[in-house]
$ cat start-v7.txt   # compact mmCIF, C-alpha atoms
# COMPACT_ATOMS: atom_id res chain seq x y z
CA MET D 971 87.32 69.69 94.68
CA SER D 972 90.41 67.76 93.53
CA GLU D 973 91.82 70.85 91.79
CA ARG D 974 91.49 72.88 94.97
CA LEU D 975 92.95 70.21 97.22
CA LYS D 976 96.03 69.52 95.13
CA ASN D 977 97.03 73.20 95.23
CA LEU D 978 96.45 73.72 98.95
CA LEU D 979 98.04 70.41 99.94
CA SER D 980 101.10 70.64 97.70
CA PRO D 981 104.46 70.67 99.57
CA PHE D 982 105.46 73.83 97.67
CA PHE D 983 102.43 75.80 98.89
CA ILE D 984 102.71 74.50 102.46
CA GLY D 985 106.46 75.27 102.55
CA CYS D 986 105.92 78.86 101.37
CA LEU D 987 103.08 79.29 103.86
CA VAL D 988 105.22 78.05 106.77
CA LEU D 989 108.07 80.35 105.70
CA LEU D 990 105.70 83.31 105.45
CA VAL D 991 104.32 82.79 108.97
CA LEU D 992 107.79 82.08 110.40
CA ASN D 993 109.18 85.24 108.79
CA ASP D 994 106.34 87.50 109.96
CA PHE D 995 106.27 86.27 113.55
CA VAL D 996 109.90 85.36 114.24
CA LEU D 997 112.47 86.48 111.68
CA LYS D 998 111.18 90.05 111.31
CA ALA D 999 111.16 90.56 115.05
CA VAL D 1000 114.71 89.22 115.41
CA TYR D 1001 116.45 90.68 112.34
CA HIS D 1002 114.09 93.33 110.86
CA ASN D 1003 116.20 93.90 107.76
CA MET D 1004 115.69 94.20 104.02
CA LEU D 1005 115.85 90.43 103.50
CA THR D 1006 112.99 89.69 105.91
CA GLY D 1007 110.92 92.42 104.28
CA LYS D 1008 111.43 91.05 100.78
CA LEU D 1009 110.87 87.48 101.98
CA SER D 1010 107.37 88.41 103.16
CA ASP D 1011 106.53 89.90 99.76
CA PHE D 1012 108.02 86.95 97.87
CA CYS D 1013 106.20 84.27 99.87
CA GLY D 1014 103.02 86.34 99.98
CA LEU D 1015 102.97 86.62 96.18
CA ILE D 1016 103.04 82.82 96.05
CA VAL D 1017 100.62 81.98 98.84
CA PHE D 1018 98.02 84.70 98.10
CA PRO D 1019 97.19 83.85 94.44
CA ILE D 1020 97.35 80.08 94.99
CA PHE D 1021 94.94 80.38 97.93
CA TRP D 1022 92.43 82.48 96.01
CA SER D 1023 92.82 80.29 92.94
CA ALA D 1024 91.65 77.42 95.11
CA VAL D 1025 88.66 79.49 96.22
CA PHE D 1026 87.88 80.56 92.62
CA PRO D 1027 89.30 77.73 90.46
CA LYS D 1028 87.55 78.94 87.29
CA HIS D 1029 89.17 82.37 87.48
CA LYS D 1030 92.81 81.56 88.18
CA LEU D 1031 94.19 83.83 85.46
CA SER D 1032 92.09 86.75 86.72
CA VAL D 1033 93.26 86.10 90.28
CA PHE D 1034 96.92 86.26 89.25
CA MET D 1035 96.44 89.36 87.10
CA LEU D 1036 94.54 91.16 89.86
CA THR D 1037 97.20 90.13 92.39
CA ALA D 1038 99.93 91.69 90.24
CA LEU D 1039 97.97 94.90 89.68
CA LEU D 1040 96.97 95.24 93.33
CA PHE D 1041 100.53 94.60 94.50
CA VAL D 1042 101.96 97.29 92.20
CA TRP D 1043 99.22 99.71 93.22
CA TRP D 1044 99.63 98.92 96.95
CA LYS D 1045 103.37 99.57 96.81
CA SER D 1046 102.92 102.91 95.03
CA ALA D 1047 102.11 106.37 96.35
CA TYR D 1048 98.74 106.21 94.55
CA ALA D 1049 97.37 103.93 97.29
CA SER D 1050 98.05 106.46 100.06
CA GLY D 1051 94.55 107.97 99.98
CA PHE D 1052 92.85 104.58 100.22
CA ILE D 1053 95.22 103.44 102.98
CA GLU D 1054 94.44 106.56 105.02
CA ILE D 1055 90.74 105.62 104.85
CA LEU D 1056 91.46 101.95 105.60
CA ASN D 1057 93.80 103.00 108.38
CA MET D 1058 90.96 104.59 110.33
CA PRO D 1059 89.30 101.37 111.58
CA PHE D 1060 92.09 98.84 110.94
CA ASN D 1061 95.40 100.71 111.42
CA VAL D 1062 97.01 99.35 108.24
CA ARG D 1063 100.70 100.11 107.78
CA ARG D 1064 102.53 100.28 104.47
CA THR D 1065 105.83 101.72 103.26
CA VAL D 1066 106.39 102.89 99.70
CA ASP D 1067 109.41 100.93 98.47
CA PRO D 1068 109.82 100.48 94.69
CA THR D 1069 112.37 97.72 95.26
CA ASP D 1070 109.53 95.52 96.56
CA LEU D 1071 108.45 95.16 92.93
CA LEU D 1072 111.53 93.00 92.39
CA THR D 1073 109.60 90.18 94.07
CA LEU D 1074 106.92 90.12 91.32
CA PRO D 1075 108.56 87.11 89.55
CA ALA D 1076 107.22 85.06 92.46
CA LEU D 1077 103.83 85.28 90.71
CA LEU D 1078 105.27 83.54 87.66
CA LEU D 1079 106.70 80.83 89.91
CA ALA D 1080 103.29 80.35 91.54
CA TRP D 1081 101.54 80.21 88.14
CA ILE D 1082 103.96 77.57 86.83
CA HIS D 1083 103.38 75.59 90.00
CA ILE D 1084 99.58 75.46 89.82
CA GLN D 1085 99.75 74.55 86.14
CA GLY D 1086 102.21 71.71 86.62
CA VAL D 1087 101.60 70.38 90.12
CA PRO D 1088 100.80 66.65 89.87
CA ASN D 1089 97.64 65.32 91.45
CA ASN D 1090 98.98 62.76 93.91
CA ILE D 1091 95.82 62.68 96.00
CA THR D 1092 93.94 59.45 95.32
CA ASN D 1093 91.55 59.39 98.27
CA TYR D 1094 89.50 62.51 98.95
CA ASN D 1095 88.27 61.38 102.36
CA LEU D 1096 87.14 63.54 105.23
CA VAL D 1097 90.64 63.89 106.69
CA THR D 1098 92.01 65.13 103.36
CA ARG D 1099 89.21 67.65 102.91
CA LEU D 1100 89.46 68.96 106.45
CA SER D 1101 93.24 69.21 106.08
CA ALA D 1102 92.75 71.43 103.03
CA LEU D 1103 90.30 73.61 104.97
CA PHE D 1104 92.75 73.87 107.87
CA ILE D 1105 95.64 74.88 105.58
CA GLY D 1106 93.36 77.41 103.92
CA ALA D 1107 92.55 78.88 107.35
CA ILE D 1108 96.28 79.12 108.13
CA ALA D 1109 96.82 80.91 104.81
CA PHE D 1110 94.09 83.44 105.60
CA PHE D 1111 95.61 83.83 109.07
CA SER D 1112 99.00 84.61 107.50
CA PHE D 1113 97.53 87.45 105.41
CA CYS D 1114 96.79 89.27 108.69
CA ALA D 1115 100.25 88.64 110.17
CA THR D 1116 102.22 91.49 111.63
CA SER D 1117 105.50 92.08 113.41
CA GLN D 1118 105.87 91.86 117.13
CA GLN D 1119 105.66 95.06 119.15
CA ARG D 1120 108.15 96.16 121.77
CA SER D 1121 107.12 95.78 125.40
CA VAL D 1122 109.29 98.63 126.80
CA LYS D 1123 108.11 102.19 126.21
CA TYR D 1124 110.96 104.06 124.51
CA LEU D 1125 110.39 107.76 123.97
CA GLU D 1126 110.45 108.58 120.28
CA GLN D 1127 111.53 112.20 120.74
CA PRO D 1128 114.22 113.35 123.21
CA GLN D 1129 112.75 113.98 126.65
CA TYR D 1130 114.50 115.96 129.40
CA VAL D 1131 113.65 117.29 132.84
CA LEU D 1132 115.46 120.02 134.80
CA LEU D 1133 116.02 119.80 138.55
CA LYS D 1134 118.10 121.43 141.27
CA SER D 1135 120.82 119.23 142.72
CA ALA D 1136 124.09 119.76 144.53
CA THR D 1137 125.48 116.38 143.50
CA LEU D 1138 125.65 114.24 140.38
CA PRO D 1139 123.75 110.95 140.84
CA ASP D 1140 125.42 107.63 140.17
CA ALA D 1141 124.55 106.85 136.56
CA TYR D 1142 125.05 103.10 137.05
CA ARG D 1143 122.05 102.99 139.38
CA TYR D 1144 119.71 104.56 136.83
CA GLU D 1145 120.05 102.93 133.41
CA GLU D 1146 116.99 104.75 132.09
CA PHE D 1147 118.55 108.19 132.72
CA ASP D 1148 121.52 110.22 131.47
CA PHE D 1149 122.74 113.02 133.77
CA TYR D 1150 124.30 116.39 132.85
CA LYS D 1151 125.41 118.78 135.60
CA ARG D 1152 125.27 122.56 135.13
CA ASP D 1153 126.33 124.32 138.35
CA SER D 1154 123.38 123.84 140.71
CA LEU D 1155 121.17 122.53 137.92
CA LEU D 1156 120.81 118.89 136.91
CA VAL D 1157 119.60 118.06 133.40
CA ILE D 1158 118.23 114.53 133.14
CA ARG D 1159 117.59 112.81 129.85
CA VAL D 1160 114.88 110.15 130.11
CA LYS D 1161 115.60 107.34 127.63
CA TYR D 1162 112.71 105.03 128.47
CA LEU D 1163 110.07 104.43 131.09
CA TYR D 1164 108.77 101.42 132.98
CA ASP D 1165 105.06 100.90 133.28
CA THR D 1166 102.45 98.17 133.46
CA ALA D 1167 101.43 96.82 130.06
CA PRO D 1168 99.01 99.38 128.57
CA VAL D 1169 95.82 98.39 126.80
CA ARG D 1170 97.20 100.25 123.78
CA ASP D 1171 100.79 101.40 123.24
CA ASP D 1172 100.02 104.87 121.92
CA ASP D 1173 100.99 108.47 122.59
CA TYR D 1174 98.01 108.91 124.88
CA ASN D 1175 99.54 106.31 127.18
CA LYS D 1176 102.95 108.01 126.81
CA ASN D 1177 101.42 111.38 127.74
CA ARG D 1178 99.89 109.84 130.83
CA MET D 1179 103.26 108.38 131.81
CA ILE D 1180 105.13 111.69 131.48
CA LYS D 1181 102.40 113.98 132.84
CA ASP D 1182 104.34 114.58 136.07
CA LEU D 1183 107.71 113.43 134.78
CA ASP D 1184 109.82 115.91 136.78
CA GLN D 1185 108.09 114.92 140.03
CA ASP D 1186 108.45 111.22 139.18
CA VAL D 1187 112.18 111.65 138.50
CA VAL D 1188 112.68 113.46 141.81
CA ALA D 1189 110.95 110.60 143.61
CA ARG D 1190 112.97 108.04 141.63
CA ILE D 1191 116.41 109.53 142.35
CA SER D 1192 116.52 110.79 145.94
CA ASP D 1193 115.68 113.64 148.28
CA SER D 1194 118.87 115.48 147.23
CA THR D 1195 117.10 116.86 144.14
CA ASN D 1196 114.46 119.58 144.08
CA LEU D 1197 111.92 120.87 141.59
CA ILE D 1198 112.44 124.09 139.62
CA PRO D 1199 109.81 126.83 140.16
CA SER D 1200 107.12 126.41 137.51
CA GLY D 1201 107.43 129.89 135.98
CA ARG D 1202 111.22 129.98 135.61
CA ILE D 1203 112.59 129.96 132.02
CA THR D 1204 115.94 128.21 131.47
CA SER D 1205 117.81 127.71 128.18
CA LEU D 1206 120.66 125.19 127.97
CA THR D 1207 122.77 123.32 125.43
CA ILE D 1208 123.68 119.71 126.16
CA ALA D 1209 126.31 117.66 124.29
CA THR D 1210 125.21 114.01 123.91
CA ALA D 1211 126.42 111.04 121.91
CA GLU D 1212 123.63 111.70 119.36
CA GLY D 1213 124.45 115.41 118.93
CA LYS D 1214 124.20 118.81 120.58
CA ASP D 1215 120.71 119.46 122.00
CA SER D 1216 119.40 122.99 122.51
CA LEU D 1217 116.78 122.96 125.29
CA ARG D 1218 114.30 125.45 126.68
CA PHE D 1219 112.61 124.70 130.00
CA ARG D 1220 109.67 126.26 131.78
CA GLY D 1221 110.15 125.12 135.32
CA GLY D 1222 111.38 121.54 135.09
CA ARG D 1223 109.68 120.64 131.79
CA LEU D 1224 110.63 121.21 128.19
CA ASP D 1225 108.67 124.11 126.73
CA GLY D 1226 109.46 125.87 123.47
CA ARG D 1227 111.82 125.14 120.59
CA PHE D 1228 114.03 122.05 120.63
CA SER D 1229 116.86 121.37 118.18
CA ARG D 1230 119.65 118.86 117.75
CA THR D 1231 122.71 119.42 115.60
CA LYS D 1232 125.45 117.01 114.63
CA ASN D 1233 128.56 117.91 112.65
CA HIS D 1234 127.13 121.44 112.35
CA LYS D 1235 124.00 120.08 110.64
CA LEU D 1236 120.48 120.41 112.01
CA ILE D 1237 119.03 116.89 112.31
CA ILE D 1238 116.04 117.42 114.66
CA GLU D 1239 113.87 120.45 115.27
CA GLY D 1240 110.48 120.79 116.90
CA PHE D 1241 108.48 122.29 119.74
CA TYR D 1242 107.45 121.19 123.20
CA LYS D 1243 104.50 122.39 125.23
CA MET D 1244 105.10 121.52 128.90
CA GLY D 1245 106.87 118.29 128.00
CA LEU D 1246 104.53 117.28 125.17
CA GLU D 1247 105.45 117.41 121.49
CA ASP D 1248 103.59 120.12 119.65
CA ALA D 1249 103.04 121.14 116.00
CA THR D 1250 105.44 119.83 113.33
CA TRP D 1251 108.72 118.05 114.03
CA THR D 1252 111.39 117.58 111.37
CA LEU D 1253 113.98 114.80 111.54
CA ARG D 1254 116.87 114.51 109.09
CA ASP D 1255 119.75 112.10 108.61
CA THR D 1256 123.33 113.39 108.83
CA SER D 1257 123.50 113.79 105.05
CA SER D 1258 120.23 115.78 105.01
CA THR D 1259 118.93 113.61 102.14
CA ILE D 1260 116.23 111.77 104.10
CA GLU D 1261 113.72 113.89 105.98
CA VAL D 1262 110.80 112.85 108.17
CA LYS D 1263 108.05 115.28 109.18
CA GLN D 1264 105.83 114.39 112.11
CA THR D 1265 102.76 116.32 113.24
CA TYR D 1266 101.61 116.27 116.86
CA LYS D 1267 98.42 117.40 118.54
CA ASN D 1268 98.41 117.58 122.34
CA GLY D 1269 101.43 115.31 122.40
CA GLU D 1270 99.84 112.65 120.18
CA LEU D 1271 101.31 111.88 116.77
CA THR D 1272 98.71 112.40 114.03
CA SER D 1273 100.69 112.04 110.78
CA ARG D 1274 104.12 111.08 109.47
CA SER D 1275 105.68 111.79 106.07
CA GLN D 1276 109.07 110.69 104.76
CA PHE D 1277 111.00 112.44 102.00
CA ASP D 1278 114.10 111.40 100.09
CA HIS D 1279 115.93 114.26 98.34
CA GLY D 1280 112.74 116.29 98.68
CA LYS D 1281 110.56 113.59 97.08
CA LEU D 1282 107.70 112.07 99.08
CA VAL D 1283 108.39 108.40 99.85
CA SER D 1284 105.57 107.58 102.29
CA ALA D 1285 102.79 109.36 104.13
CA ASP D 1286 100.73 107.83 106.92
CA SER D 1287 98.11 109.09 109.31
CA VAL D 1288 98.35 107.90 112.91
CA ASN D 1289 95.42 107.28 115.20
CA THR D 1290 95.13 109.29 118.38
CA ARG D 1291 93.33 107.84 121.41
CA ALA D 1292 90.08 109.51 120.30
CA ASP D 1293 90.51 107.96 116.85
CA THR D 1294 91.11 104.55 118.43
CA VAL D 1295 87.93 104.75 120.50
CA ARG D 1296 85.89 105.70 117.45
CA ASN D 1297 87.49 102.92 115.40
CA LYS D 1298 86.66 100.37 118.10
CA TYR D 1299 82.99 101.19 117.63
CA VAL D 1300 83.42 100.73 113.88
CA GLN D 1301 85.24 97.41 114.36
CA ILE D 1302 82.52 96.10 116.67
CA GLY D 1303 79.90 97.10 114.10
CA VAL D 1304 81.77 95.28 111.32
CA LEU D 1305 82.17 92.17 113.49
CA ILE D 1306 78.43 92.17 114.29
CA LEU D 1307 77.62 92.35 110.56
CA LEU D 1308 79.98 89.41 109.93
CA VAL D 1309 78.23 87.43 112.66
CA ILE D 1310 74.86 88.12 111.05
CA GLY D 1311 76.19 87.11 107.62
CA THR D 1312 77.70 83.90 109.01
CA LEU D 1313 74.46 83.00 110.78
CA ILE D 1314 72.47 83.55 107.59
CA TRP D 1315 74.88 81.28 105.69
CA ILE D 1316 74.57 78.56 108.36
CA VAL D 1317 70.75 78.78 108.38
CA MET D 1318 70.61 78.58 104.56
CA ASN D 1319 72.78 75.46 104.59
CA PHE D 1320 70.57 73.97 107.31
CA ARG D 1321 67.34 74.60 105.39
CA ASN D 1322 68.52 73.75 101.88
CA THR D 1323 70.59 70.64 102.58
CA PRO D 1324 69.28 67.22 103.67
CA ALA D 1325 70.36 66.12 107.13
CA ASP D 1326 71.95 62.92 105.84
CA GLN D 1327 74.19 64.57 103.22
CA PHE D 1328 77.12 65.08 105.59
CA LYS D 1329 77.47 61.90 107.58
CA LEU D 1330 80.13 61.33 110.20
CA LYS D 1331 81.05 58.34 112.26
CA PRO D 1332 80.78 58.86 116.05
CA VAL D 1333 84.56 58.77 116.47
CA TRP D 1334 84.94 61.62 113.97
CA LYS D 1335 82.24 63.63 115.73
CA TRP D 1336 84.04 63.32 119.05
CA LEU D 1337 87.35 64.16 117.43
CA MET D 1338 85.93 67.28 115.76
CA CYS D 1339 84.39 68.49 119.03
CA MET D 1340 87.74 68.17 120.77
CA ILE D 1341 89.84 69.78 118.00
CA LEU D 1342 87.63 72.51 116.54
CA PRO D 1343 87.98 74.86 119.58
CA ILE D 1344 91.63 75.23 118.59
CA PHE D 1345 90.48 76.47 115.17
CA VAL D 1346 88.13 78.89 116.92
CA TRP D 1347 91.11 80.30 118.80
CA LEU D 1348 93.06 80.50 115.53
CA THR D 1349 90.18 82.40 113.91
CA HIS D 1350 89.95 84.78 116.86
CA THR D 1351 93.71 85.36 116.77
CA GLY D 1352 93.58 86.15 113.05
CA ILE D 1353 90.81 88.68 113.66
CA ARG D 1354 92.73 90.31 116.51
CA ILE D 1355 95.81 90.57 114.30
CA LEU D 1356 93.76 92.22 111.56
CA LEU D 1357 92.37 94.69 114.11
CA MET D 1358 95.89 95.37 115.45
CA ASP D 1359 94.88 94.14 118.91
CA PHE D 1360 97.01 91.00 119.07
CA SER D 1361 99.15 90.60 122.20
CA HIS D 1362 102.36 88.55 122.21
CA ASP D 1363 102.22 88.05 125.97
CA ILE D 1364 102.44 84.27 126.44
CA PHE D 1365 100.29 84.27 129.58
CA GLU D 1366 97.52 86.27 127.90
CA GLN D 1367 97.56 83.90 124.93
CA LEU D 1368 97.48 80.86 127.22
CA PHE D 1369 94.48 82.30 129.05
CA SER D 1370 92.77 82.97 125.71
CA VAL D 1371 93.32 79.38 124.53
CA ILE D 1372 92.00 77.87 127.76
CA LEU D 1373 88.95 80.15 127.95
CA ILE D 1374 87.99 79.62 124.31
CA TYR D 1375 88.41 75.87 124.65
CA LEU D 1376 86.30 75.64 127.82
CA VAL D 1377 83.52 77.74 126.28
CA THR D 1378 83.41 76.43 122.70
CA CYS D 1379 84.05 72.72 123.32
CA PRO D 1380 80.55 72.17 124.81
CA LEU D 1381 79.07 74.32 122.05
CA MET D 1382 80.74 72.12 119.44
CA PHE D 1383 79.09 69.05 120.99
CA VAL D 1384 75.73 70.81 120.68
CA VAL D 1385 76.43 71.71 117.05
CA VAL D 1386 77.77 68.31 115.96
CA PHE D 1387 75.47 65.95 117.89
CA TRP D 1388 72.25 67.95 118.21
CA ILE D 1389 72.03 70.63 115.49
CA LYS D 1390 74.16 68.51 113.12
CA LEU D 1391 76.29 69.79 110.26
CA ARG D 1392 74.83 70.00 106.76
CA LYS D 1393 77.91 70.77 104.65
CA GLU D 1394 81.67 70.55 105.03
CA VAL D 1395 81.90 74.33 104.95
CA ASP D 1396 79.77 74.43 108.12
CA VAL D 1397 82.85 73.28 110.02
CA LEU D 1398 84.60 76.54 109.15
CA LEU D 1399 81.43 78.61 109.51
CA TYR D 1400 80.90 77.59 113.12
CA CYS D 1401 84.57 78.19 113.91
CA LEU D 1402 84.24 81.62 112.30
CA LEU D 1403 81.01 82.35 114.18
CA PHE D 1404 82.44 81.52 117.61
CA GLY D 1405 85.69 83.33 116.77
CA LEU D 1406 83.77 86.45 115.79
CA LEU D 1407 81.64 86.36 118.94
CA TYR D 1408 84.69 86.04 121.17
CA SER D 1409 86.40 88.86 119.23
CA ILE D 1410 83.38 91.11 119.81
CA TRP D 1411 83.57 90.39 123.52
CA THR D 1412 87.31 91.12 123.78
CA THR D 1413 87.06 94.22 121.56
CA TRP D 1414 84.23 95.55 123.71
CA GLY D 1415 86.36 94.98 126.80
CA THR D 1416 89.23 96.91 125.19
CA LEU D 1417 86.83 99.73 124.30
CA ILE D 1418 85.61 100.04 127.88
CA VAL D 1419 89.21 100.26 129.16
CA LEU D 1420 90.08 102.88 126.53
CA ILE D 1421 87.09 105.01 127.45
CA ASN D 1422 87.79 104.82 131.16

$ encode --input "start-v7.txt" --output "structure tokens"
Amino acid sequence: MSERLKNLLSPFFIGCLVLLVLNDFVLKAVYHNMLTGKLSDFCGLIVFPIFWSAVFPKHKLSVFMLTALLFVWWKSAYASGFIEILNMPFNVRRTVDPTDLLTLPALLLAWIHIQGVPNNITNYNLVTRLSALFIGAIAFFSFCATSQQRSVKYLEQPQYVLLKSATLPDAYRYEEFDFYKRDSLLVIRVKYLYDTAPVRDDDYNKNRMIKDLDQDVVARISDSTNLIPSGRITSLTIATAEGKDSLRFRGGRLDGRFSRTKNHKLIIEGFYKMGLEDATWTLRDTSSTIEVKQTYKNGELTSRSQFDHGKLVSADSVNTRADTVRNKYVQIGVLILLVIGTLIWIVMNFRNTPADQFKLKPVWKWLMCMILPIFVWLTHTGIRILLMDFSHDIFEQLFSVILIYLVTCPLMFVVVFWIKLRKEVDVLLYCLLFGLLYSIWTTWGTLIVLIN
């Protein structure tokens, strides 16, 4: 126990853990540059092996060796097949970047630390042990961390509508639109859309938002604009700040080939089917060295591949709404299995351990009942992050904290005063159990909304 505590409670480990969480939840969202990306890898290569060395203290060398091998494999193209499988239920994202391997010396720094960290802990009381368990939970939470998502729906591919209009609208009144006048025709570029917060920010939601985009734009601007007859074919070229866009409309919606050139170089080409992206889209930088190919089905992105000088850099599959619904069923099944496993562990501890082995003073029992619901919320949040369902809306998080506290606080009194804990690990097991149950409930609610 002392070996585990000294590693998890060392200032070096705690400092790296705090920096890892701060970087993933704050710095990446603000700066999102190469430094923040490398900082996550560097701190992760310190926190990850030290944490698992505390869990398996007799296999520290194996933990560090496996960490190095898994990191190299994860950052290579050889992991793409496994990630595509893992991406189905958990939506895991990874970019192939060989420069990430430059952070591997962090493993050596972590190894030197656990070999030389002094044992300054002289009293292994309950507070010290629970502190180590709490820090371990934070470390596990950090492994699931992800960057914040944008709240405004920006359209990934250029989106235009064509209307009839005798006048040019005032652009200052419509920040989400750019206007281009062609005789009696008005070409409107839609940069982004406003909508209520969707249950999932995916292309299915985008397709719903732009289903009647030309009619919505007419209603948004004024009565001075009119719709184009649905069967009319119109081809136009529009000069924008990003390049020269060649457009083909059927009625007021994009339909057919789209291309964008800049400095006489083709940088975007693809196809629309009544306003929805279709088939394969190719995006290039101005030097034509970096190329991204995106495949769409019914307007929903299904895969993305990036090439550098013709060499594959990364390839990812993307879940459609149908994939997401199926994966929600899988996630609920996995969560139910984890609940069953946690219950079995709790029952085994209850049957095989004497009731007087884990004694607590009444003041500590009351304190645990009041504090442990916060750890339940932390467990639930970690699970939601892993399932890519975490919301950064402050009001939603506040509601989640209050609800979990009101529900689990009485349950903790039942567990601590009536059922009674048998081992120290039961503290985490009950937090995990209640966190899993709440996650099943919220995931099921998300599934119902997705289906409907």

$ residues_near_point --input "start-v7.txt" --point "(108.7, 120.8, 117.0)" --cutoff "7 Å" --atoms "only C-alpha atoms" --output "ChimeraX atom specification"
/D:1227-1228,1239-1242,1247-1251

$ atom_distance --input "start-v7.txt" --atom1 "atom CA of D:Ser1154" --atom2 "atom CA of D:Thr1137"
8.2 Å

$ residues_around --input "start-v7.txt" --residues "D:Glu1212" --least-positions-apart "5" --cutoff "10 Å" --atoms "all atoms listed in the file" --output "number ranges by chain"
D: 1230-1232, 1237

$ residues_near_point --input "start-v7.txt" --point "(105.2, 123.6, 130.8)" --cutoff "8 Å" --atoms "only C-alpha atoms" --output "list in words"
Ser1200, Phe1219, Arg1220, Gly1221, Gly1222, Arg1223, Leu1224, Asp1225, Lys1243, Met1244 and Gly1245 of chain D

$ closest_residue --input "start-v7.txt" --among "D:Leu1253, D:Ile1203, D:Val1262, D:Leu1420" --to "D:Arg1296" --atoms "only C-alpha atoms"
D:Leu1420

$ atom_distance --input "start-v7.txt" --atom1 "atom CA of D:Arg1152" --atom2 "atom CA of D:Tyr1124"
25.7 Å

$ atom_distance --input "start-v7.txt" --atom1 "atom CA of D:Ile1180" --atom2 "atom CA of D:Leu1163"
8.8 Å

$ residues_around --input "start-v7.txt" --residues "D:Ile1082" --least-positions-apart "4" --cutoff "12 Å" --atoms "all atoms listed in the file" --output "list in words"
Asn977, Phe982, Ile1016, Pro1019, Ile1020, Lys1030, Leu1031, Phe1034, Pro1075, Ala1076, Leu1077, Leu1078, Gly1086, Val1087 and Pro1088 of chain D

$ closest_residue --input "start-v7.txt" --among "D:Ile1260, D:Ala1136, D:Ile1353, D:Ile1191" --to "D:Ile1410" --atoms "only C-alpha atoms"
D:Ile1353

$ closest_residue --input "start-v7.txt" --among "D:Leu1337, D:Leu1357, D:Cys986, D:Val1317" --to "D:Tyr1400" --atoms "only C-alpha atoms"
D:Val1317

$ residues_around --input "start-v7.txt" --residues "D:Trp1411" --least-positions-apart "6" --cutoff "12 Å" --atoms "only C-alpha atoms" --output "list in words"
Lys1298, Gln1301, Ile1302, Leu1305, Ile1306, His1350, Arg1354, Ile1374, Phe1404, Gly1405, Leu1417 and Ile1418 of chain D
